[in-house]
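Chemist: Sharing a structure here in C-alpha cells format.
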4 protein chains.
Amino acid sequence: MSMNSFGHVFRVTTWGESHGPALGATVDGCPPGVALEAEMIQVWLDKRRPGQNKHTTQRNEPDQVKILSGVYEGKTTGTPIQLMIENTDQRSKDYGEIEKTFRPGHADITYWQKYGIRDPRGGGRSSARETAARVAAGGVAREALKALVPGIEIKGYMTQMGDLHLDREKFDWDAIDSNPFWLPDATAVTEWEDYLHKIRKDNDSVGAAVEVVVRGAPAGLGAPVYAKLDTDLAAAMMSINAVKGVEIGEGMAAAGLRGTTNADEIFMGEDGPEFSSNHAGGILGGISTGQDLVVRFAVKPTSSILTPRKSITKMGEPIEVITKGRHDPCVGIRAVPVGEAMAACVVLDHLLLDRAQTGGARGPIG
Amino acid sequence: MSMNSFGHVFRVTTWGESHGPALGATVDGCPPGVALEAEMIQVWLDKRRPGQNKHTTQRNEPDQVKILSGVYEGKTTGTPIQLMIENTDQRSKDYGEIEKTFRPGHADITYWQKYGIRDPRGGGRSSARETAARVAAGGVAREALKALVPGIEIKGYMTQMGDLHLDREKFDWDAIDSNPFWLPDATAVTEWEDYLHKIRKDNDSVGAAVEVVVRGAPAGLGAPVYAKLDTDLAAAMMSINAVKGVEIGEGMAAAGLRGTTNADEIFMGEDGPEFSSNHAGGILGGISTGQDLVVRFAVKPTSSILTPRKSITKMGEPIEVITKGRHDPCVGIRAVPVGEAMAACVVLDHLLLDRAQTGGARGPIG
Amino acid sequence: MSMNSFGHVFRVTTWGESHGPALGATVDGCPPGVALEAEMIQVWLDKRRPGQNKHTTQRNEPDQVKILSGVYEGKTTGTPIQLMIENTDQRSKDYGEIEKTFRPGHADITYWQKYGIRDPRGGGRSSARETAARVAAGGVAREALKALVPGIEIKGYMTQMGDLHLDREKFDWDAIDSNPFWLPDATAVTEWEDYLHKIRKDNDSVGAAVEVVVRGAPAGLGAPVYAKLDTDLAAAMMSINAVKGVEIGEGMAAAGLRGTTNADEIFMGEDGPEFSSNHAGGILGGISTGQDLVVRFAVKPTSSILTPRKSITKMGEPIEVITKGRHDPCVGIRAVPVGEAMAACVVLDHLLLDRAQTGGARGPIG
Amino acid sequence: MSMNSFGHVFRVTTWGESHGPALGATVDGCPPGVALEAEMIQVWLDKRRPGQNKHTTQRNEPDQVKILSGVYEGKTTGTPIQLMIENTDQRSKDYGEIEKTFRPGHADITYWQKYGIRDPRGGGRSSARETAARVAAGGVAREALKALVPGIEIKGYMTQMGDLHLDREKFDWDAIDSNPFWLPDATAVTEWEDYLHKIRKDNDSVGAAVEVVVRGAPAGLGAPVYAKLDTDLAAAMMSINAVKGVEIGEGMAAAGLRGTTNADEIFMGEDGPEFSSNHAGGILGGISTGQDLVVRFAVKPTSSILTPRKSITKMGEPIEVITKGRHDPCVGIRAVPVGEAMAACVVLDHLLLDRAQTGGARGPIG
C-alpha cells in the first residue's frame, strides 16, 4: 500500500525531493542474474535529462545514477536495487519566494492542505524531477525484459503539442530518435520547433500527448478485472505528474465507434493468431493479445509560467504569481522517456505475475 | 496484490462468473458503526439492473443482494462484509457454441491464451455482470461516506454515445435521474433513443463516454505520486470492462491547452480558497482541492453483435461469428452506476488513507 | 493490506461470523487447470469439524462447503474461487447474556474498545469457527500443490496438551491419522483421553502445542528478509486465534544452544545436498533447504470455561463470568487441521512467488 | 508484496548488502510534521553498533545515518524518508574463500539454490548488518510515536543466553540500560560476561532470547484475524535474521496452562479496565488491551564459528569449514535494539491503520 511504490512483483519505490541531497528508486523483485551496469541505466537518464535538449530546461544536472545495492559483479542478485541520483545543482534560492504563495495549477495548495507542511524548493515530490527515478527504474526493467523476452521493443513519441498533431499518414518509426521531440515525422520538426519557440516567447506553456508502444510482448499478460494490463498501464501513466488522461488503443475515441468497426477481426497467421487491426491497443479483457500494446497520455501545460496569474498567499491575501526560474514550455517532451520507463516496468511486472500464477502455460490454438 | 481486489484500506475483492451459482464482493476495511441494510445497496443494483431499462439487455435477473457478514443489527461491525448476488437466470445454453470460437473484440482468445481454460458461459469474469459486485460494494462505500462526509454527492451521466454528444450549454444536473440514459439534458433524450434504436436495428452496437462527478469531497485526499487520487480514479475506471480511456478534468484535451488558459486561478472565498475554474478536475499534484472531482471514461461498443465478423476457432479454422443472445447495443449506459460505485470506493478509501497518515490535520489558510 | 487476507500471489480473504448466515473464503491467484471438486475440500473440513471428534464441541454443524466461482467443469479457471459454508445451527440464544459482559481472556473487551460495536453471537470473527474458512482454502492449496509438486505431504499433530508431552522416542508418523488427537504415538492415546476427561470434569480447559511438517517442498522458497518463508509461516500460524507462540525447527530452544551443536552439517547425497540434522526446521536465511519444513505453535487454553472468573460489564460493574454453551476443553486439537491448511497456503504462495521472480531457476551444485 | 518491505501504512523497505557501498531504509507513510533530525536516529544505531560493545564484533563501522529525503527544516513532510548508511569498512578480502563453500547453518546454500548467484561478501542481505536499516527506520517510528502517544516506552532486554536465564524475581527495569547485555538484573552481569568469555574461548557461539515490552500503547490496535497485532509482531520479529521462535505473553508456555490460570481477570480501575495479570501479553483476539505488549524471540547461535564443521563446496566436494573474521559469539545481544525497532514500527503502523478504519473511536466502558 506504500504511497510511493508501484508494481506487484517488480516493485519500485521512489523517494527524494527536487532540491534535497539526492533522489532515487528502490527496485525490488528484479529477477536474479540479469546483466546490469550503471551505464545501461544512464543512457535513459541522459535521454530524459534537462539541458540535453534545447527545448527543455537549462538546469545543468548531470543526473548521474549510482547503483548502491542488488548487483554483484555486473549481475542482479535478486535483492533490492538501490538507484541514487545526487542533486548537484540545487540553487534553492530561485524558489525562495514561493514558500508563502500558492502557484495556480500547482500542487502548492493541496500539499499545504493535506500535510500542513511542504518542501517549497522546486515543488518537492511534485517536481518533474521525481521522474528521473522512474526512468532509472525503467532502465532496470528494460534489461530484465531484454533477458526474458528477446526482441521486445518499447518506444515513446509525441503525437500532439498544443495545436499541432502528428500526421499519422507520415508516421515514421525510424525518425523518432533523430529529433528532439521524439516525433515520428522528420518533416514536421521545424514546424514544432517554431511553435514551441513562440510559446516560450509568449511567456506561456503548452500541453502535449505522448504515445508509447510496446512491440513484442507475449500474449497472456494481465488479468480479467482489477489487475487488467490496461488498468496498470493507466495507473502507471496517470501517476506521472501533470498527466490528465490515459488511453489504450482507440481510447476516448471508442465512445464514438460502432461495434462493427471496433472489433479487430482474427485470422490464423503462420505463428498463431493475427488481427486485421488494433483498435484494442493490444489488450482484450485486460489481457495482452500479442499485438502492439498502445498507450497514450496527455500532459497538461506546466503551470510555471512567466505570465502573471491570480492566486492567494498562505495568509489568504490575493497576489499575482509569476514563476521565474528554469521551466520547460512543454513538459510533455520530457514525459516521453518517462512513459517508456513506466511501460517497461508494467510489462515486466505482469510478465513475472503471469509466470507466478500460470507458469507461462498457454492454451494451444490451431 | 490480489488480482481481483481494489482499494488500500477500504478494499473490495469481487468474485464470480456470469453464469455460476452466484457472484459478489468481499468488502474489507469498512469503518464500524455505519448504518447498513441490504435495501441501501439494492437501490443501486436496481439502477444498474438489466431489464430495468429498455435500452439494456432484457435478461430478467432480480439481482437481489444478500449481506452474509460484517453487519450486526443494522450496523457495520468493522469486519468483512460479504455481499452475494445469486444468479437465478443462468440459461447457459445461449452461449454453448461460443466455447470453440473466439469472438472478435472479446476476451475469449486472451483468456484461452493465458489460462488454457475458460468458462465460456457468458464470458465468465469478463462479463459486464461482474460490475454488479462493484455496484454493491459502492453502495457500502456510499453509506460510509454519508456518515463521514455529510452532504457528499456522487453522480454519473453520459456525455457521449456514438455520434451524439452532450450539449454542455444545456447541462441540467436535475435531469440526470429522470431519463434512461442518465443524460443531463432532458431535451435530447428522444434523439438519443432514436439513435440507439437505429443502432439496434442495424445489428450493431455503439460506444459511450460517461462522466462522474464527486461534489463535496474534502481537500487533502490523495498523495503526490503513485497514490495520487487521480491515479486511483484512473485505475478504478480502467478496471471496468470495455473501458479504453480515462480523463481527469480537461483530460486528453489538456494536450491542446496553454498554461495561461489551463491554470485555475485561486481566490479567497468565505469558507476558504476558491477557484475561478476547474480545468484540473478537482485534483492538483494528485491531491484533491475541495472542488468537484471530475472523471470521465470511454466505453467501447460491445463486441457481441448480430453482424457477422471474421474470426477463428480454437483449432485455428476461419469462421464467421454472430453473437446471439441478450446484449446491450450500448453497454456504456449501464456503466454509469458502475462508474459512480467505483468513484465512491476510491474517495472513501482515500479518506481513510488520509486520516491514517495525517489524522485529517490540515495546514491553515488565511 | 486487507485486514482479512493473507498470502501474496495465492491470496485468501476470509469472511463471516460464527453466527451469521454463512462464512467463507475468497481464494485468489490459484493456478488455472487444477482439478478441484467440493469433495476434495470437504474431506479437510470434516477432519476439523466439531462433533466429529468426541473431544471437541458437540455442535453439530455439517460444515458443507460450496464452490460458488472459479471452477469450471472440475478445474480451476484462474479466477477467484469463492468457498461458502452456511451456518445451519446458529442457536444464538446460548450466547445472549454475554452481550453486556466481557469474558476474561476473550476478545470481547478489545473488540468493544476498538470498534465500539460487536457481534456477540459466538464471538463473531474471533470464534474458532473462522478457521473453517482457512481449512477450506487450505484444501484448494493442497490440490494446487499436488499438481505442482507431486509427492509433497503436509501433516500436523499434537506435541503437547497441558502437562502431557509427545515422547519423541516413540514418534510414529503412521499413527497420526488413527487417533482423535492426531498424536504420533498410539501408545499414549489412552493417557491423553483420561487427562482431557479430567480437565472437562474440572470445568476447565487446557492449552496445546501443534507441529506441522511439510515434506517434499523444494529448496529455494522464501526470501532473505521480510518475505522469509519462516516469517510467513510464523504470521500464518500466529494469525490463528488463540495462538501465542510460533517456532521454526529448534524454535525457542535455539536460545539455549551453541553454534557447534546447532549447525546442520552438509553432505553430498545422491540427489543433491543432504544435511546431518534439521535444527533449522528446513529453512536457512529465510529460504527452504529442501529438508522437512517444521513449524510448531502453542494454542492457549480456551477462555470459555464453566469455572467462574472475575470480570466487568460494559457499564464497568464487577461480575463473575461462567461461559455456558458448547466449548472444547482443548481447542488445540482442532487447530491441527487449521495449522496444516495455513502451511499449505504459505508453501503454495511461496512457490508461485518464487517462480515469479526466478522462474524456478536454480544454481547447480556438484 | 515487496519482498523487502514491512508494514501497511507506515511501510519500510530496506536495501543494501553487508559489503556494498551503502545500505538503508526507505520509510514511507510517516505522518507529516514530526520533528526529525539524523541525531535522533543515530542514537539507536549507536546502541546497536558493533564495536560499541565489547561482546560484539570489533568491526569499527561508524554507521553514520544520513537523511536524504522526506524531511524539511527538521520536520517530516509526509513524503518518503530515505535513510542511508554508507559502508566505510568493507574489508571484503576476509570473506574471499567462502565464495565457493557453503557454510553450515548459513544462508549460503539456499541463496545459491534460489538465485543461482550470490554476493558472498559478508553474507549479502543475510548479514546481521541489514538490521542497521531496521534500527534506523525504528528511530523514525519512535519519533512519530512520541508525537502521537506521549509517554509510550519501548524497551528490549535479554532473558536468556545459552544456559543462563534471567531471574524474573530480580527483574529491574532501571538496570537495563546500564550493562552491555541490556540485562534487567545488574547482579547477574558478571556471570553473563564470564559465560560469554568462555564461549568465545571455546571457538563457539551461543543463542539468546530477547524480550521487548511496549508500555503505554492504547487499547484497540490490531484486528481480529490476519492483521492481528500479534501476527504483525510475530512476523516482524521472525523477519530478523537468525530468529527461530516468537512468543506473545505466555508464548509456548500457554500449551501447558489451564484456562482457569491463563485468563487475565478484569477489574474496573480509575482510568478504565484493568487486569489482574498479563498472560495475554497485552493482546486479546489480535487487539491490544492497553496493558504492556510483551513479545519475546529466540536468536539462534551464529553459524560463523572457528570450530570446523563439515560441509560441501559448490562442486559438491566435502570440506571442513571454519569461519574466520569478526563474528559475535552471541548475535542475540545486538538483536535487542533491533527487536525494539521492529516493535516501534509495528505499533506505529497499527496506530495509523486503526485511525484509518475507526478514526480512533472507542466503545465507552463504565
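Please note that chains go A, B, ... in the order of the C-alpha cells, that every chain numbers its residues from 1, and that ligands are numbered from 1 in the order shown.
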Give as a ChimeraX atom specification every residue of chain C that touches chain A within 12 Å, counting only C-alpha atoms.
Modeler: /C:1-2,8-11,28-34,76-80,144,148,222-227,348-363
Chemist: Run DSSP on the backbone and grab whatever in segment 80-259 of chain A lands in alpha helix (DSSP H); send it over as a PyMOL selection string.
Modeler: chain A and resi 108-115+130-148+189-201+229-238+259
Chemist: Interatomic distance between atom CA of Glu320 of chain C and atom CA of Ile98 of chain C?
Modeler: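 Distance between the two atoms: 11.4 Å.
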